[in-house]
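Asker: Encoded as structure tokens, here's the structure I'll be asking about.
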Amino acid sequence: MAATAAEPPAGAPEGCDPARPVDDHPVRLVLVAAVALLDADNRVLLARRPPGKPLAGLWEFPGGKLAPGESPEAALCRELREELGIDVSDSCLAPFTFASHRYSDFQLLMPLYLCRRWNGVLTAREGQELAWARPSRLGDYEMPPADKPLVAMLRDFL
């Protein structure tokens, strides 16, 4: 049976509506790099956004905004050192997938990397709560809209 505009094709992502027009109003593009830190048991590290920050209380993959002229790998190395007190070599960051999400006042583009090797002891340096989550339990954590599509991809991969 051929797919119609009212019925997404088989295998289309949830919420996919081919008939929905593209929103082409220009908005600010924000580049953020994130990483799924994986331990020896394939658990994924999540960080809870502390009070006072946008989206406080939600769980996310560690990372942060890119500084002007900074590569995603360099931003992650810097952010992981600042936020978690660990040193990561950019050669230990494996590109995995990305998220693109339109918030009300900006478009977020977020590459997600995988990392299994780092130096140092993980320490929550910015008041955030940390949790190691099994891939099958990632959906139990309330996350920002941009992070949610990454959960299914990680679960399927791990």
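Residue numbering restarts at 1 for every chain of the structure tokens, chains are lettered A, B, ... in their displayed order, and ligands are numbered from 1 as they appear.
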Tell me which protein, DNA and RNA residues are within 10 Å of A:Met110, counting only C-alpha atoms, leaving out same-chain ones fewer than 3 positions away, and put them as a PyMOL selection string.
Answerer: chain A and resi 30-35+63-65+72+97-101+107+113+146-147
Asker: Which residues in chain A does DSSP call alpha helix (DSSP H)? List them as a PyMOL selection string.
Answerer: chain A and resi 72-84+148-157
Asker: Select, from A:Gly52, A:Gly69, A:Gly57, A:Gly85, the residue with the minimum atom-to-atom distance to A:Ala124, counting only C-alpha atoms.
Answerer: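 Of A:Gly52, A:Gly69, A:Gly57, A:Gly85, the one nearest A:Ala124, counting only C-alpha atoms, is A:Gly85.
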Asker: Give me every strand (DSSP E or B) residue in stretch 2-157 of chain A, going by DSSP on the backbone, as number ranges by chain.
Answerer: A: 4, 7, 28-38, 44-48, 59-60, 63-65, 87, 94-102, 106-115, 119, 129-133
Asker: What is the atom CA of A:Arg78-atom CA of A:Phe96 distance in Å, reported with one decimal?
Answerer: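 Between atom CA of A:Arg78 and atom CA of A:Phe96 the gap is 19.2 Å.
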Asker: With only C-alpha atoms as the counted atoms, please give the residues lying no more than 12 Å from A:Pro51, apart from itself and same-chain residues fewer than 3 positions off, as a list in words.
Answerer: Arg48, Pro54, Leu55, Ala56, Gly57, Leu58, Glu126, Gly127, Gln128 and Glu129 of chain A
Asker: Please produce a file of the residues just selected, as a PDB file, in the first residue's frame, where the atoms kept are N, CA and C atoms.
Answerer:
```pdb
ATOM      1  N   ARG A  48      22.143  15.982  35.686  1.00  0.00           N
ATOM      2  CA  ARG A  48      20.884  16.700  35.915  1.00  0.00           C
ATOM      3  C   ARG A  48      21.175  18.189  35.984  1.00  0.00           C
ATOM      4  N   PRO A  54      18.425  27.160  32.639  1.00  0.00           N
ATOM      5  CA  PRO A  54      17.270  26.781  31.799  1.00  0.00           C
ATOM      6  C   PRO A  54      17.112  25.258  31.815  1.00  0.00           C
ATOM      7  N   LEU A  55      15.886  24.788  31.790  1.00  0.00           N
ATOM      8  CA  LEU A  55      15.563  23.362  31.802  1.00  0.00           C
ATOM      9  C   LEU A  55      16.080  22.659  33.059  1.00  0.00           C
ATOM     10  N   ALA A  56      16.130  23.396  34.169  1.00  0.00           N
ATOM     11  CA  ALA A  56      16.604  22.850  35.443  1.00  0.00           C
ATOM     12  C   ALA A  56      15.816  21.600  35.805  1.00  0.00           C
ATOM     13  N   GLY A  57      16.524  20.625  36.362  1.00  0.00           N
ATOM     14  CA  GLY A  57      15.904  19.392  36.801  1.00  0.00           C
ATOM     15  C   GLY A  57      15.853  18.302  35.747  1.00  0.00           C
ATOM     16  N   LEU A  58      16.097  18.655  34.485  1.00  0.00           N
ATOM     17  CA  LEU A  58      16.085  17.652  33.421  1.00  0.00           C
ATOM     18  C   LEU A  58      17.469  17.003  33.303  1.00  0.00           C
ATOM     19  N   GLU A 126      29.710  21.479  39.047  1.00  0.00           N
ATOM     20  CA  GLU A 126      28.804  22.617  38.872  1.00  0.00           C
ATOM     21  C   GLU A 126      27.467  22.401  39.573  1.00  0.00           C
ATOM     22  N   GLY A 127      27.475  21.591  40.627  1.00  0.00           N
ATOM     23  CA  GLY A 127      26.262  21.378  41.401  1.00  0.00           C
ATOM     24  C   GLY A 127      25.266  20.442  40.761  1.00  0.00           C
ATOM     25  N   GLN A 128      25.650  19.786  39.672  1.00  0.00           N
ATOM     26  CA  GLN A 128      24.738  18.877  38.987  1.00  0.00           C
ATOM     27  C   GLN A 128      24.771  17.499  39.653  1.00  0.00           C
ATOM     28  N   GLU A 129      23.647  16.808  39.592  1.00  0.00           N
ATOM     29  CA  GLU A 129      23.561  15.432  40.045  1.00  0.00           C
ATOM     30  C   GLU A 129      23.989  14.551  38.877  1.00  0.00           C
TER      31      GLU A 129
END
```
Asker: Nearest residue to A:Ala47 out of A:Glu60, A:Asp105, A:Asp17, A:Glu82, using only C-alpha atoms?
Answerer: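 Nearest to A:Ala47: A:Glu60.
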